[in-house]
Every structure is written in C-alpha cells, then in structure tokens.
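Just below is one structure, and these are the notes that go with it.
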Amino acid sequence: MFENIIKTLKSNKGEILELWMKNQLASSVITEDLMTNQELRKQSEELVNALVNNLNENSINDSQSPDFDQLTELLGGISISRARQGFSPRETGSFILSLKEALLEILKKENSNVNEVFEESLKLSRLLDNFTILTFETFIKGREELIMRQTDEITDISTPVIKVWDGILALPIIGTLDSARTQVVMENLLQEIVKTGSGIAILDISGVPTVDSLVAQNLLKAVSATRLMGADCIISGIRPEIAQTIVHLGIDLSQVITKATLASALQYAFKSLRLEVRKTALEAAGVTNQ
Amino acid sequence: MERIPILKMGPFLLVTIQIDLYDRLALNLEEDLVKMVEKTASKGVLIDISALSIVDSFMGRILGNIASMSRLLDAQTVVVGMQPAVAITLVELGLPLNGVYTALNMEKGMYLLKSMMDFNGTQQEDGDHSFD
Amino acid sequence: MEPSKKMEIIPLTRGTMMVFKDQDVVPFRNEVKEYAERIKMGLVNQTKLITAASEMVRNMLKYANGGLTIIEIVSRGPQSGVRVTFKDEGPGIADIPQAMQDGFSTGKSLGLGLPGTKRLVNEFDIKSIPGTGTTITIIKWANG
C-alpha cells in the first residue's frame, strides 16, 4: 500500500537532499562557525541515503527495525558530536525536523490525491518523529557525559593544598563539602602533611556556601584525622552567618581551633611555631635584620 | 615467644612496630612496656606505627591501654607516624584514639615529650595535642 | 558513580578460609589485601576494607569461636569490588537493629564493631538466626 511513497522517495533522493539543504540553510538557527557548508552537506547526504535506501514495507512502520541500524548509528553519532561541540538543542533538533519537511514536500509534489498524501504524510511523520526523539535522547546523553566529566575535573582541581610556610599548610575549600569531597580533601591534606612534615594545617571554609550538620561532621572528621597523624588543624573563614547556623544547629566545634579569617589562623600558626612577623624599622633595615 | 624490642633512650622508651602484630604479640607488648616503664622510671613512651598498614579496634585498644597504664605510672605516650589511610579509616570507624598523643615522626614525638616535661615537670594534665 | 542497585552482582574469583584462632587474623587480612590489590583498589579503600574485615573476623572469634570466611572478587556493571562473607554457627544476634546502633555492645569491646564497620564499606548485609548462627556480607567497590 505504501509502495508508492517508497518508490517516490527513492527516485527523488537528489531532490530531497537539495530541498533539505535549502531548508537547513534558510533556517536562521544554523550556526555557521560551528560547521562548514561542505561538512553539513556530507552529513546530510549520508543520512538521506541511510534513510531512503533502507525504507521498505516493514521498516516504514517501525523506527526500531534492524534495517535502520545504520541510520540510528549515524544520527546518534551526529547528535553526540553536536552536543560536545556546543550546538543548541534547537539547532540539533531542526536538523532532523527540516528533513521531514523536505520529505513531505516531495510527497505533495508527486501526488495530487489529497487523501493519499495525508495518509502518507501521517505515516512518514510518525517515523521521522521517532528519529527526532532518538536525536534528542542522544543529544542529552552527550551533554550529561560532558557534565559528568566536568564534575570530576572540578573535584580534582578544587582541592589544592598550599604550603604557606615551612610547617604550615593551607587548604581552601570551595563549594559544598559532601562525603565524597571530604574523602578527597582528607586524602590530599594528609598526604601533603606527610610529604612536607607540616605540623599545622589550616582548613579555610570561606568558599563553603553553607554549613549544615553533615558538613560540620565532615569537617570534624578531617580535623580528627589530621590530629591522628600528629598535626594540628585550624578551621578558618567562618563567616558570621555560618557561626549563627552552627550554634543554632547545636553543632559542637569547641574542641576545634576556629578563626574568623585565614590571616588570623596564620597568625595563630606562627605563634605556636614561635615565629614572629614584624615590620622592620626603615633606617635600621638591613642592619638589625640578619 | 616472639617479642617486640623496647629500646631505652634517656628518659624515654622507644618502640618501633615493623610488622602487622598478631594479637598475642600486641598483648605481650602492652605487658612488657608497662613493666619497662616501671623498671626504668621512664617519663615517656614513643611508639612508631609508620609500618602498620592497618589499625583495627583491637590494636587501637592496645594503644589506648598502653597510654592509660603508662599515665598511671607517670609516663606520657606518643604514637608517631600513622599512615594517612590508617588515620582516615580510624576516624570513619569512630575510633579517634582519645587520650593518646600523636606526632608526625620520631623526632617530633621526642620534641613533644620533652616540651611536656619542661612544661610542668613530671605531671602532665593537658597539652596542645591532647584529645580528651 | 554509584552503580544501579538493579544491576546484578557477579562473583569472579573465590577463596575460602577457616578462622578459629587469633593467629588466623593476620593471614586472613593478608588474603583480603591480595584480592583488593588484584582489582587495583586505592590505598585508602583497601585500608578501610581490610580494617572492616578484621573487625568482623574478630567479632566472629569472640562471639562464635570462629567460622568460615569467603573472599571473592565481584563485579556489578562497570564496577569491580571485593566481597567478604563471614559465616559462623554461634549464638546469633536476637535484635539486629539494636546491634547496628552506635555504641551498643554485649561484649567488652568498644562497641563500634557493626556500625563502625558498616561505615567503612559500601554494602553491609547481616542475617542471623538465634541459636543457629550469623552470616555477614560486606562489599567494597574499587572506587567506592
């Protein structure tokens, strides 16, 4: 019954591609700097071939038919690579949607029976819609993979341990301190303590947006582990609103040395290492300072 | 029966644990150390656990016992050189070794013991590194 | 990433060891360590697993005079891990929820056996029939 569509489409492959290309280029959404015209044409041609060549009595009713394996793979590859290159969902979606338009236009041109064209369009639309959904699914999957990779990278780069002085380490914590982060923070800190032989570690939480009981518990774990190694741990960067939350939640930080700023923590550290930082007198500079 | 050697160095006793201890060996160490503290009238005990790859609640209890018993005999105990992975595990396990002093290495442990002795002679109530 | 709970756990390599006396604890721990190293488990996770296994085997010695341990390398989806099973024919645990509470202990230990161990591993399963015995299974994933 649908032999007609199949035949029509097969014999008009060249025209479909031209129409489709025209549609794609006409839609203002296409971002030229992400892809050249030639690349787009090559992609489109491959896709038209994969679709039209595999269209038959059975596959026209079933977008999951094994006949479309090649097409599915092509589409998946295209949308994943577009997700990575930074194409918008609209750009990616209109790629396949404008193909549908081209196909319907050909059908209309080749057949004057309105009823038949309607039936055929419905059938073809259903098939193409399924491919559109597939495109979106893969596009989102590509984006999710990207986000996941970035999350891993952020965890790695956001826990630097800085040696601020001989025997003093500082660790600025940026972002939420969940259990997984705490593990990374603790491991990095303790390893650095062993490596540098530092006796004092300053955990600066200026960059931690909120402290709830879980975050506090994680902080206490880091402090306990540092102490077990034989080093002292100071928590600095406690903002007034965080101090309020800590007290309201009934979290006990009385066993921990806490300071408002990294500067005062450093001062405390100097003091306990019996170091002194002071201004040298102008005229005596170089004389008193050995 | 195999035993862990205990070295006397000035007013302190030094123990280096080089292998994962069998329970019997750990219990022997506890007994020997306390006897040695009494016999030599030592003021401090240094236990190096840098070679220990794990400390479970049994070993943790032995370390705590040594510290408490030595304290009764007027000697302070410092555990030195705990591995980072061991420290993280002990905290997660809920065993922060309260009442045991710690130091990064032998040298720093010795310095800590000396400063405790200087601070108030032989009696030690509380110090910077105490957890109780 | 936490693997989906729906995925099946497949055992790959398996070894068993009877533990009946204190002297068996260290060889048992070394065996667990060997399995953990085989799947390239990180040092901290390894230490947590071995400590957890050590706690469990001590419990078994104390309350049931020892029993059987099974050490396996298991996989679930893309994850691989070490599973250790402790089977004893001791008195069993009557009230498991109570035994899982922090600070609870019937023996003279510090009372952090079960809940402390649970915090060290990714999965912890306990089955016990009073008068018949207890089976505890722990799993630590290589990057868990």
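Residue names in the structure tokens use chain letters A, B, ... in the order shown, residue numbers from 1 in each chain, and ligand numbers from 1 in the order shown.
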Per-residue nearest contacts chain A to chain C, cut-off 12 Å, using only C-alpha atoms, as a tab-separated table:
residue	atom	partner	partner_atom	distance
A:Met148	CA	C:Met1	CA	9.5
A:Arg149	CA	C:Met1	CA	11.4
A:Thr151	CA	C:Met1	CA	11.3
A:Asp152	CA	C:Met1	CA	10.3
A:Ser179	CA	C:Arg119	CA	11.5
A:Ala180	CA	C:Gly144	CA	9.4
A:Gln183	CA	C:Val44	CA	9.2
A:Val184	CA	C:Val44	CA	10.4
A:Met186	CA	C:Val44	CA	10.5
A:Glu187	CA	C:Val44	CA	8.0
A:Asn188	CA	C:Val44	CA	11.4
A:Leu190	CA	C:Val44	CA	11.4
A:Gln191	CA	C:Val44	CA	11.2
Would you put the residues from that selection into a file with N, CA, C and O atoms, as a PDB file, in the first residue's frame?
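Output saved as result_20.pdb:
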ATOM      1  N   MET A 148      29.304  15.214  33.557  1.00  0.00           N
ATOM      2  CA  MET A 148      29.923  14.280  34.479  1.00  0.00           C
ATOM      3  C   MET A 148      31.445  14.427  34.464  1.00  0.00           C
ATOM      4  O   MET A 148      32.089  14.431  35.508  1.00  0.00           O
ATOM      5  N   ARG A 149      31.988  14.575  33.250  1.00  0.00           N
ATOM      6  CA  ARG A 149      33.434  14.712  33.139  1.00  0.00           C
ATOM      7  C   ARG A 149      33.892  16.005  33.815  1.00  0.00           C
ATOM      8  O   ARG A 149      34.902  16.034  34.505  1.00  0.00           O
ATOM      9  N   THR A 151      32.377  17.550  36.271  1.00  0.00           N
ATOM     10  CA  THR A 151      32.259  17.409  37.718  1.00  0.00           C
ATOM     11  C   THR A 151      33.510  16.757  38.295  1.00  0.00           C
ATOM     12  O   THR A 151      34.055  17.205  39.302  1.00  0.00           O
ATOM     13  N   ASP A 152      33.967  15.696  37.630  1.00  0.00           N
ATOM     14  CA  ASP A 152      35.179  15.017  38.086  1.00  0.00           C
ATOM     15  C   ASP A 152      36.361  15.963  38.090  1.00  0.00           C
ATOM     16  O   ASP A 152      37.143  16.001  39.023  1.00  0.00           O
ATOM     17  N   SER A 179      30.262  14.074  51.394  1.00  0.00           N
ATOM     18  CA  SER A 179      31.117  12.989  51.894  1.00  0.00           C
ATOM     19  C   SER A 179      32.223  12.630  50.909  1.00  0.00           C
ATOM     20  O   SER A 179      33.362  12.391  51.307  1.00  0.00           O
ATOM     21  N   ALA A 180      31.876  12.615  49.606  1.00  0.00           N
ATOM     22  CA  ALA A 180      32.879  12.249  48.607  1.00  0.00           C
ATOM     23  C   ALA A 180      33.995  13.291  48.585  1.00  0.00           C
ATOM     24  O   ALA A 180      35.180  12.963  48.517  1.00  0.00           O
ATOM     25  N   GLN A 183      36.404  12.968  51.508  1.00  0.00           N
ATOM     26  CA  GLN A 183      37.406  11.927  51.315  1.00  0.00           C
ATOM     27  C   GLN A 183      38.593  12.471  50.526  1.00  0.00           C
ATOM     28  O   GLN A 183      39.742  12.268  50.904  1.00  0.00           O
ATOM     29  N   VAL A 184      38.306  13.178  49.425  1.00  0.00           N
ATOM     30  CA  VAL A 184      39.364  13.714  48.576  1.00  0.00           C
ATOM     31  C   VAL A 184      40.188  14.733  49.359  1.00  0.00           C
ATOM     32  O   VAL A 184      41.427  14.715  49.343  1.00  0.00           O
ATOM     33  N   MET A 186      40.516  15.071  52.648  1.00  0.00           N
ATOM     34  CA  MET A 186      41.302  14.420  53.698  1.00  0.00           C
ATOM     35  C   MET A 186      42.533  13.748  53.118  1.00  0.00           C
ATOM     36  O   MET A 186      43.640  13.931  53.628  1.00  0.00           O
ATOM     37  N   GLU A 187      42.342  12.989  52.039  1.00  0.00           N
ATOM     38  CA  GLU A 187      43.464  12.256  51.455  1.00  0.00           C
ATOM     39  C   GLU A 187      44.562  13.208  51.012  1.00  0.00           C
ATOM     40  O   GLU A 187      45.735  13.004  51.330  1.00  0.00           O
ATOM     41  N   ASN A 188      44.151  14.274  50.285  1.00  0.00           N
ATOM     42  CA  ASN A 188      45.140  15.245  49.801  1.00  0.00           C
ATOM     43  C   ASN A 188      45.878  15.902  50.955  1.00  0.00           C
ATOM     44  O   ASN A 188      47.098  16.032  50.933  1.00  0.00           O
ATOM     45  N   LEU A 190      46.243  14.907  54.181  1.00  0.00           N
ATOM     46  CA  LEU A 190      47.097  14.027  54.978  1.00  0.00           C
ATOM     47  C   LEU A 190      48.369  13.641  54.222  1.00  0.00           C
ATOM     48  O   LEU A 190      49.454  13.582  54.795  1.00  0.00           O
ATOM     49  N   GLN A 191      48.216  13.408  52.904  1.00  0.00           N
ATOM     50  CA  GLN A 191      49.396  13.056  52.123  1.00  0.00           C
ATOM     51  C   GLN A 191      50.403  14.198  52.111  1.00  0.00           C
ATOM     52  O   GLN A 191      51.601  13.991  52.240  1.00  0.00           O
TER      53      GLN A 191
END
Find the residues of chain B that sit at most 6 Å from chain C; for each, write down the nearest two atoms and how far apart they are in Å, to one decimal. Count only C-alpha atoms. Sort by chain, then by number going up, and give it as CSV.
residue,atom,partner,partner_atom,distance
B:Asp56,CA,C:Thr51,CA,5.5
B:Ala85,CA,C:Val44,CA,4.7
B:Thr89,CA,C:Lys48,CA,5.5
B:Leu93,CA,C:Gly116,CA,4.4
Give me the chain B side of the contact with chain A, cut-off 9 Å, one line per residue showing its nearest atom pair and distance in Å at one decimal, counting only C-alpha atoms, sorted by chain and residue number, as JSON lines.
{"residue": "B:Val79", "atom": "CA", "partner": "A:Gly230", "partner_atom": "CA", "distance": 8.2}
{"residue": "B:Val80", "atom": "CA", "partner": "A:Gly230", "partner_atom": "CA", "distance": 7.0}
{"residue": "B:Gly81", "atom": "CA", "partner": "A:Met229", "partner_atom": "CA", "distance": 6.6}
{"residue": "B:Met82", "atom": "CA", "partner": "A:Met229", "partner_atom": "CA", "distance": 5.4}
{"residue": "B:Gln83", "atom": "CA", "partner": "A:Met229", "partner_atom": "CA", "distance": 7.2}
{"residue": "B:Pro84", "atom": "CA", "partner": "A:Leu190", "partner_atom": "CA", "distance": 5.4}
{"residue": "B:Ala85", "atom": "CA", "partner": "A:Glu187", "partner_atom": "CA", "distance": 7.5}
{"residue": "B:Val86", "atom": "CA", "partner": "A:Ala225", "partner_atom": "CA", "distance": 8.9}
{"residue": "B:Ala87", "atom": "CA", "partner": "A:Ala225", "partner_atom": "CA", "distance": 5.1}
{"residue": "B:Ile88", "atom": "CA", "partner": "A:Ala225", "partner_atom": "CA", "distance": 5.5}
{"residue": "B:Thr89", "atom": "CA", "partner": "A:Ala225", "partner_atom": "CA", "distance": 8.6}
{"residue": "B:Leu90", "atom": "CA", "partner": "A:Ala225", "partner_atom": "CA", "distance": 7.8}
{"residue": "B:Val91", "atom": "CA", "partner": "A:Ala225", "partner_atom": "CA", "distance": 6.0}
{"residue": "B:Glu92", "atom": "CA", "partner": "A:Lys221", "partner_atom": "CA", "distance": 7.5}
{"residue": "B:Pro96", "atom": "CA", "partner": "A:Ser224", "partner_atom": "CA", "distance": 6.6}
{"residue": "B:Leu97", "atom": "CA", "partner": "A:Leu228", "partner_atom": "CA", "distance": 7.6}
{"residue": "B:Val100", "atom": "CA", "partner": "A:Leu228", "partner_atom": "CA", "distance": 8.9}
{"residue": "B:Tyr101", "atom": "CA", "partner": "A:Gly230", "partner_atom": "CA", "distance": 7.6}
{"residue": "B:Thr102", "atom": "CA", "partner": "A:Gly230", "partner_atom": "CA", "distance": 4.3}
{"residue": "B:Ala103", "atom": "CA", "partner": "A:Gly230", "partner_atom": "CA", "distance": 3.6}
{"residue": "B:Leu104", "atom": "CA", "partner": "A:Gly230", "partner_atom": "CA", "distance": 4.8}
{"residue": "B:Asn105", "atom": "CA", "partner": "A:Gly230", "partner_atom": "CA", "distance": 8.2}
{"residue": "B:Lys108", "atom": "CA", "partner": "A:Gly230", "partner_atom": "CA", "distance": 8.8}
{"residue": "B:Gly109", "atom": "CA", "partner": "A:Gly230", "partner_atom": "CA", "distance": 8.5}
{"residue": "B:Asp128", "atom": "CA", "partner": "A:Asp232", "partner_atom": "CA", "distance": 8.5}
{"residue": "B:His129", "atom": "CA", "partner": "A:Asp232", "partner_atom": "CA", "distance": 7.5}
{"residue": "B:Phe131", "atom": "CA", "partner": "A:Gln255", "partner_atom": "CA", "distance": 8.1}
Note to self: Applying 9 Å and only C-alpha atoms, which residues near B:Ser42 remain after dropping the ones on its own chain fewer than 4 positions away? List them as a ChimeraX atom specification.
What the structure shows: /B:8,10-13,36-38,73-75
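Residues in contact with C:Met60 at up to 9 Å, not including ones fewer than 4 positions away on its chain and judged by only C-alpha atoms, are C:Val19, C:Phe20, C:Glu55, C:Met56, C:Ala64, C:Asn65, C:Gly66, C:Gly67, C:Phe86, C:Lys87, C:Asp88, C:Gly90, C:Thr134.
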Next item on the list: Write out as a ChimeraX atom specification the residues lying within 8 Å of C:Pro91, counting only C-alpha atoms and excluding same-chain residues fewer than 4 positions away.
Entry: /C:63-64,130-134
Output file for the selection above: C-alpha atoms, as a PDB file, in the first residue's frame:
ATOM      1  CA  TYR C  63      31.134 -14.453  69.928  1.00  0.00           C
ATOM      2  CA  ALA C  64      31.137 -17.692  67.923  1.00  0.00           C
ATOM      3  CA  PRO C 130      19.418 -17.026  67.225  1.00  0.00           C
ATOM      4  CA  GLY C 131      20.844 -20.385  68.251  1.00  0.00           C
ATOM      5  CA  THR C 132      21.889 -21.270  64.698  1.00  0.00           C
ATOM      6  CA  GLY C 133      24.403 -18.677  63.545  1.00  0.00           C
ATOM      7  CA  THR C 134      25.124 -15.421  61.783  1.00  0.00           C
TER       8      THR C 134
END
